[in-house]
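Quick notes on the structure that follows.
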Amino acid sequence: MRILVIEDENKTAAYLRQGLTENGFVVDVCSNGDDGLRQALSLDNDLIVLDVMLPRRDGWSILNALRQAGRQTPVLLLTARDTVADKVRGLELGADDYLIKPFDFAELLARVRSILRRGPPRRDDVLRLADLELNWPCRRATRAGKRLDLTAKELALLELLLRRQGEALSRSLIAQQVWDVNFDSDFNVLEVAIRRLRSKVDDPFPRQLIHTIRGVGYVLEER
């Protein structure tokens with residue numbers, strides 16, 4: 001099984017590589033966030049051991065980018081940040097476990113094996129509402145059997161709406177999840193994107209599925 005270690009402390013990275021290799025794993029190591037994210041997206045890893053404080057791009061950003069890209073590779077956060085708030089943040093971003101430095105290798109190995117026994121969480125490959133369908137692995141959206149010509153951001157926006165269909169999503173949540181930015185009153189990209197998505201998903205069809213919730217945001221549902 002292949003494990004990607006994203007860790008900028010050379011001694012810690014070497015220690016992890018040696019220990020995991022001796023226990024039968026194939027180990028790749030990256031020492032900065034940009035290279036780590038690139039390898040996390042391009043390699044078929046069974047698990048990622050991820051430091052939080054990294055040069056160029058921190059571990060929070062890497063984890064968020066992975067999950068937003070639809071990659072559900074299990075992630076074990078390994079960090080000196082030991083507050084409850086940090087742990088909660090990591091788990092809410094989609095980490096599978098959180099281990100604080102300094103650590104005992106036997107405990108890390110036990111946690112790695114536990115995560116791998118669980119396997120990666122499955123996400124539905126095909127999302128549906130009424131006659132709207134999104135094949136997420138193929139990035140193919142159709143409505144009433146007709147293919148929709150959507151940009152990458154429109155696909156990401158539609159995926160979020162479909163996965164949380166029936167739930168009123170705030171503008172700030174959508175902006176953070178799709179664009180990875182904190183919402184402010186001048187951020188009108190979201191409104192433009194919703195308008196364009198509606199022009200493709202709703203306007204050519206008799207039933208509207210994307211609805212505005214005044215003062216809140218948007219919801220995807222049948223009415």
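Residues in the structure tokens are named by chain (A, B, ... in the order shown) and by number from 1 within that chain; ligands are numbered from 1 in the order shown.
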Within 8 Å of Thr79 of chain A using only C-alpha atoms, minus same-chain residues under 6 positions, as a compact mmCIF listing (two decimals) with all heavy atoms, in the first residue's frame:
# COMPACT_ATOMS: atom_id res chain seq x y z
N LEU A 50 -0.20 13.99 6.95
CA LEU A 50 -0.12 15.41 6.58
C LEU A 50 0.20 16.29 7.77
O LEU A 50 -0.55 16.33 8.76
CB LEU A 50 -1.46 15.83 5.96
CG LEU A 50 -1.64 17.29 5.58
CD1 LEU A 50 -0.65 17.71 4.51
CD2 LEU A 50 -3.08 17.53 5.08
N ASP A 51 1.32 17.00 7.68
CA ASP A 51 1.66 18.03 8.67
C ASP A 51 0.79 19.26 8.38
O ASP A 51 0.36 19.48 7.25
CB ASP A 51 3.14 18.38 8.55
CG ASP A 51 3.62 19.29 9.67
OD1 ASP A 51 2.89 19.45 10.67
OD2 ASP A 51 4.72 19.84 9.55
N VAL A 52 0.54 20.05 9.41
CA VAL A 52 -0.27 21.25 9.22
C VAL A 52 0.59 22.46 8.86
O VAL A 52 0.31 23.18 7.91
CB VAL A 52 -1.12 21.55 10.48
CG1 VAL A 52 -1.78 22.92 10.36
CG2 VAL A 52 -2.17 20.47 10.67
N MET A 53 1.66 22.68 9.61
CA MET A 53 2.50 23.85 9.38
C MET A 53 3.56 23.51 8.33
O MET A 53 4.57 22.88 8.62
CB MET A 53 3.16 24.30 10.68
CG MET A 53 2.15 24.61 11.77
SD MET A 53 0.87 25.80 11.24
CE MET A 53 1.88 27.27 11.04
N TYR A 98 -6.23 12.49 13.90
CA TYR A 98 -5.41 13.65 14.28
C TYR A 98 -4.45 13.20 15.36
O TYR A 98 -4.88 12.76 16.42
CB TYR A 98 -6.34 14.75 14.81
CG TYR A 98 -5.74 16.13 14.93
CD1 TYR A 98 -6.10 17.14 14.03
CD2 TYR A 98 -4.85 16.44 15.94
CE1 TYR A 98 -5.58 18.42 14.15
CE2 TYR A 98 -4.32 17.72 16.07
CZ TYR A 98 -4.68 18.70 15.16
OH TYR A 98 -4.17 19.97 15.28
N LEU A 99 -3.14 13.26 15.08
CA LEU A 99 -2.12 12.82 16.03
C LEU A 99 -1.18 13.98 16.32
O LEU A 99 -0.70 14.65 15.39
CB LEU A 99 -1.35 11.63 15.46
CG LEU A 99 -0.31 10.97 16.37
CD1 LEU A 99 -0.96 10.44 17.64
CD2 LEU A 99 0.39 9.83 15.62
N ILE A 100 -0.91 14.20 17.60
CA ILE A 100 -0.12 15.36 18.02
C ILE A 100 1.35 14.98 18.17
O ILE A 100 1.69 13.92 18.71
CB ILE A 100 -0.68 15.91 19.35
CG1 ILE A 100 -2.12 16.42 19.15
CG2 ILE A 100 0.21 17.03 19.89
CD1 ILE A 100 -2.84 16.73 20.43
N LYS A 101 2.22 15.87 17.69
CA LYS A 101 3.67 15.73 17.90
C LYS A 101 4.03 16.23 19.29
O LYS A 101 3.42 17.19 19.77
CB LYS A 101 4.44 16.56 16.86
CG LYS A 101 4.28 16.14 15.43
CD LYS A 101 5.05 17.12 14.54
CE LYS A 101 4.96 16.79 13.08
NZ LYS A 101 5.67 17.78 12.23
Just want the 12 Å neighbourhood of segment 123-138 of chain A, counted on only C-alpha atoms, with same-chain residues fewer than 2 positions away dropped. Output as a count of residues only.
46
Using DSSP on the backbone, list every residue of segment 34-172 of chain A that comes out as helix (DSSP H, G or I), and give them as a short mmCIF file (atom, residue, chain, number, x, y, z; two decimals) with N, CA and C atoms, in the first residue's frame.
data_model
loop_
_atom_site.label_atom_id
_atom_site.label_comp_id
_atom_site.auth_asym_id
_atom_site.auth_seq_id
_atom_site.Cartn_x
_atom_site.Cartn_y
_atom_site.Cartn_z
N ASP A 34 2.92 22.91 -1.70
CA ASP A 34 2.58 22.89 -3.13
C ASP A 34 2.88 21.54 -3.76
N ASP A 35 4.07 21.01 -3.51
CA ASP A 35 4.42 19.70 -4.05
C ASP A 35 3.54 18.61 -3.44
N GLY A 36 3.24 18.77 -2.15
CA GLY A 36 2.39 17.78 -1.49
C GLY A 36 1.02 17.69 -2.10
N LEU A 37 0.39 18.84 -2.35
CA LEU A 37 -0.93 18.82 -2.96
C LEU A 37 -0.86 18.24 -4.36
N ARG A 38 0.16 18.61 -5.11
CA ARG A 38 0.30 18.10 -6.48
C ARG A 38 0.39 16.57 -6.48
N GLN A 39 1.20 16.02 -5.58
CA GLN A 39 1.32 14.56 -5.53
C GLN A 39 0.06 13.92 -4.96
N ALA A 40 -0.58 14.58 -4.02
CA ALA A 40 -1.82 14.03 -3.45
C ALA A 40 -2.90 13.91 -4.51
N LEU A 41 -2.92 14.84 -5.46
CA LEU A 41 -3.92 14.82 -6.51
C LEU A 41 -3.54 13.89 -7.67
N SER A 42 -2.25 13.67 -7.87
CA SER A 42 -1.82 12.92 -9.05
C SER A 42 -1.52 11.46 -8.77
N GLY A 59 -1.29 22.66 5.77
CA GLY A 59 -2.04 21.41 5.72
C GLY A 59 -3.54 21.60 5.65
N TRP A 60 -4.06 22.66 6.30
CA TRP A 60 -5.50 22.93 6.22
C TRP A 60 -5.90 23.13 4.75
N SER A 61 -5.11 23.93 4.05
CA SER A 61 -5.41 24.25 2.66
C SER A 61 -5.32 23.01 1.77
N ILE A 62 -4.32 22.17 2.03
CA ILE A 62 -4.19 20.93 1.26
C ILE A 62 -5.39 20.03 1.47
N LEU A 63 -5.77 19.84 2.71
CA LEU A 63 -6.91 18.97 3.03
C LEU A 63 -8.19 19.50 2.39
N ASN A 64 -8.40 20.81 2.51
CA ASN A 64 -9.60 21.40 1.92
C ASN A 64 -9.61 21.25 0.41
N ALA A 65 -8.46 21.48 -0.23
CA ALA A 65 -8.38 21.36 -1.68
C ALA A 65 -8.64 19.92 -2.14
N LEU A 66 -8.14 18.95 -1.40
CA LEU A 66 -8.38 17.55 -1.74
C LEU A 66 -9.86 17.21 -1.70
N ARG A 67 -10.51 17.62 -0.62
CA ARG A 67 -11.93 17.29 -0.47
C ARG A 67 -12.78 18.03 -1.49
N GLN A 68 -12.42 19.27 -1.79
CA GLN A 68 -13.16 20.02 -2.79
C GLN A 68 -12.97 19.42 -4.18
N VAL A 84 -8.03 22.01 21.14
CA VAL A 84 -9.29 21.37 20.73
C VAL A 84 -9.80 22.01 19.44
N ALA A 85 -9.65 23.33 19.33
CA ALA A 85 -10.13 24.02 18.12
C ALA A 85 -9.41 23.51 16.88
N ASP A 86 -8.10 23.26 16.99
CA ASP A 86 -7.34 22.74 15.86
C ASP A 86 -7.83 21.35 15.48
N LYS A 87 -8.07 20.50 16.47
CA LYS A 87 -8.55 19.15 16.19
C LYS A 87 -9.91 19.20 15.52
N VAL A 88 -10.80 20.03 16.05
CA VAL A 88 -12.13 20.15 15.47
C VAL A 88 -12.05 20.65 14.03
N ARG A 89 -11.19 21.64 13.80
CA ARG A 89 -11.03 22.17 12.45
C ARG A 89 -10.57 21.09 11.48
N GLY A 90 -9.56 20.32 11.90
CA GLY A 90 -9.06 19.26 11.03
C GLY A 90 -10.10 18.23 10.70
N LEU A 91 -10.86 17.80 11.70
CA LEU A 91 -11.89 16.77 11.47
C LEU A 91 -13.03 17.31 10.62
N GLU A 92 -13.40 18.57 10.84
CA GLU A 92 -14.48 19.16 10.05
C GLU A 92 -14.07 19.36 8.59
N LEU A 93 -12.78 19.56 8.35
CA LEU A 93 -12.30 19.70 6.97
C LEU A 93 -12.23 18.35 6.25
N PHE A 105 5.93 6.14 17.46
CA PHE A 105 5.69 5.52 16.15
C PHE A 105 4.72 4.35 16.24
N ALA A 106 4.75 3.61 17.34
CA ALA A 106 3.84 2.47 17.48
C ALA A 106 2.38 2.94 17.44
N GLU A 107 2.12 4.10 18.07
CA GLU A 107 0.75 4.64 18.03
C GLU A 107 0.39 5.10 16.63
N LEU A 108 1.32 5.79 15.97
CA LEU A 108 1.05 6.23 14.59
C LEU A 108 0.77 5.03 13.69
N LEU A 109 1.56 3.97 13.82
CA LEU A 109 1.36 2.79 12.98
C LEU A 109 0.00 2.16 13.26
N ALA A 110 -0.39 2.11 14.52
CA ALA A 110 -1.70 1.54 14.86
C ALA A 110 -2.83 2.37 14.25
N ARG A 111 -2.67 3.69 14.28
CA ARG A 111 -3.71 4.56 13.70
C ARG A 111 -3.75 4.42 12.19
N VAL A 112 -2.58 4.32 11.56
CA VAL A 112 -2.53 4.12 10.11
C VAL A 112 -3.27 2.84 9.74
N ARG A 113 -2.97 1.77 10.43
CA ARG A 113 -3.61 0.48 10.13
C ARG A 113 -5.11 0.53 10.39
N SER A 114 -5.51 1.22 11.44
CA SER A 114 -6.94 1.35 11.74
C SER A 114 -7.67 2.09 10.62
N ILE A 115 -7.08 3.19 10.16
CA ILE A 115 -7.70 3.96 9.07
C ILE A 115 -7.79 3.11 7.81
N LEU A 116 -6.74 2.38 7.49
CA LEU A 116 -6.73 1.58 6.27
C LEU A 116 -7.71 0.42 6.35
N ARG A 117 -7.94 -0.10 7.54
CA ARG A 117 -8.95 -1.16 7.68
C ARG A 117 -10.35 -0.63 7.39
N ARG A 118 -10.58 0.62 7.76
CA ARG A 118 -11.89 1.23 7.49
C ARG A 118 -12.10 1.41 6.00
N ALA A 152 -15.77 24.00 -14.95
CA ALA A 152 -15.31 23.28 -13.76
C ALA A 152 -15.94 23.85 -12.49
N LYS A 153 -16.02 25.18 -12.39
CA LYS A 153 -16.62 25.79 -11.20
C LYS A 153 -18.12 25.54 -11.15
N GLU A 154 -18.78 25.54 -12.29
CA GLU A 154 -20.22 25.26 -12.32
C GLU A 154 -20.48 23.82 -11.90
N LEU A 155 -19.61 22.91 -12.32
CA LEU A 155 -19.73 21.51 -11.89
C LEU A 155 -19.54 21.40 -10.38
N ALA A 156 -18.55 22.10 -9.84
CA ALA A 156 -18.30 22.06 -8.40
C ALA A 156 -19.49 22.65 -7.63
N LEU A 157 -20.05 23.71 -8.14
CA LEU A 157 -21.21 24.34 -7.51
C LEU A 157 -22.41 23.40 -7.56
N LEU A 158 -22.64 22.79 -8.71
CA LEU A 158 -23.76 21.85 -8.84
C LEU A 158 -23.57 20.65 -7.93
N GLU A 159 -22.33 20.16 -7.83
CA GLU A 159 -22.08 19.01 -6.95
C GLU A 159 -22.43 19.34 -5.51
N LEU A 160 -22.02 20.52 -5.04
CA LEU A 160 -22.33 20.92 -3.67
C LEU A 160 -23.84 20.99 -3.46
N LEU A 161 -24.55 21.61 -4.40
CA LEU A 161 -26.00 21.73 -4.28
C LEU A 161 -26.68 20.36 -4.28
N LEU A 162 -26.18 19.45 -5.12
CA LEU A 162 -26.79 18.12 -5.21
C LEU A 162 -26.50 17.29 -3.96
N ARG A 163 -25.27 17.36 -3.46
CA ARG A 163 -24.93 16.57 -2.28
C ARG A 163 -25.71 17.07 -1.06
N ARG A 171 -24.68 31.91 1.42
CA ARG A 171 -23.72 32.40 0.44
C ARG A 171 -22.29 32.22 0.94
N SER A 172 -22.08 32.45 2.24
CA SER A 172 -20.73 32.33 2.79
C SER A 172 -20.24 30.90 2.72
#
Among segment 51-219 of chain A, which residues carry a DSSP assignment of strand (DSSP E), reported as a PyMOL selection string?
chain A and resi 75-79+97-100+126-129+132-135+140-143+146-148+169-170+210-213+217-219
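Using only C-alpha atoms, the residues found no farther than 10 Å from Asp8 of chain A, other than those of its own chain fewer than 3 positions away, are A:Val5, A:Lys11, A:Thr12, A:Ala13, A:Val29, A:Cys30, A:Ser31, A:Asn32, A:Gly33, A:Leu50, A:Asp51, A:Val52, A:Met53, A:Leu54, A:Pro55.
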How about saving the chosen residues, C-alpha atoms kept, as a short mmCIF file (atom, residue, chain, number, x, y, z; two decimals), in the first residue's frame?
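Dumped everything to selection.cif:
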data_model
loop_
_atom_site.label_atom_id
_atom_site.label_comp_id
_atom_site.auth_asym_id
_atom_site.auth_seq_id
_atom_site.Cartn_x
_atom_site.Cartn_y
_atom_site.Cartn_z
CA VAL A 5 4.00 11.81 3.81
CA LYS A 11 14.27 14.16 10.63
CA THR A 12 10.57 13.48 11.11
CA ALA A 13 10.08 12.72 7.41
CA VAL A 29 7.71 12.17 0.89
CA CYS A 30 7.07 15.84 0.05
CA SER A 31 8.59 18.69 2.05
CA ASN A 32 6.33 21.60 1.07
CA GLY A 33 2.63 22.18 0.59
CA LEU A 50 -0.12 15.41 6.58
CA ASP A 51 1.66 18.03 8.67
CA VAL A 52 -0.27 21.25 9.22
CA MET A 53 2.50 23.85 9.38
CA LEU A 54 4.18 23.62 5.96
CA PRO A 55 5.98 26.07 3.68
#
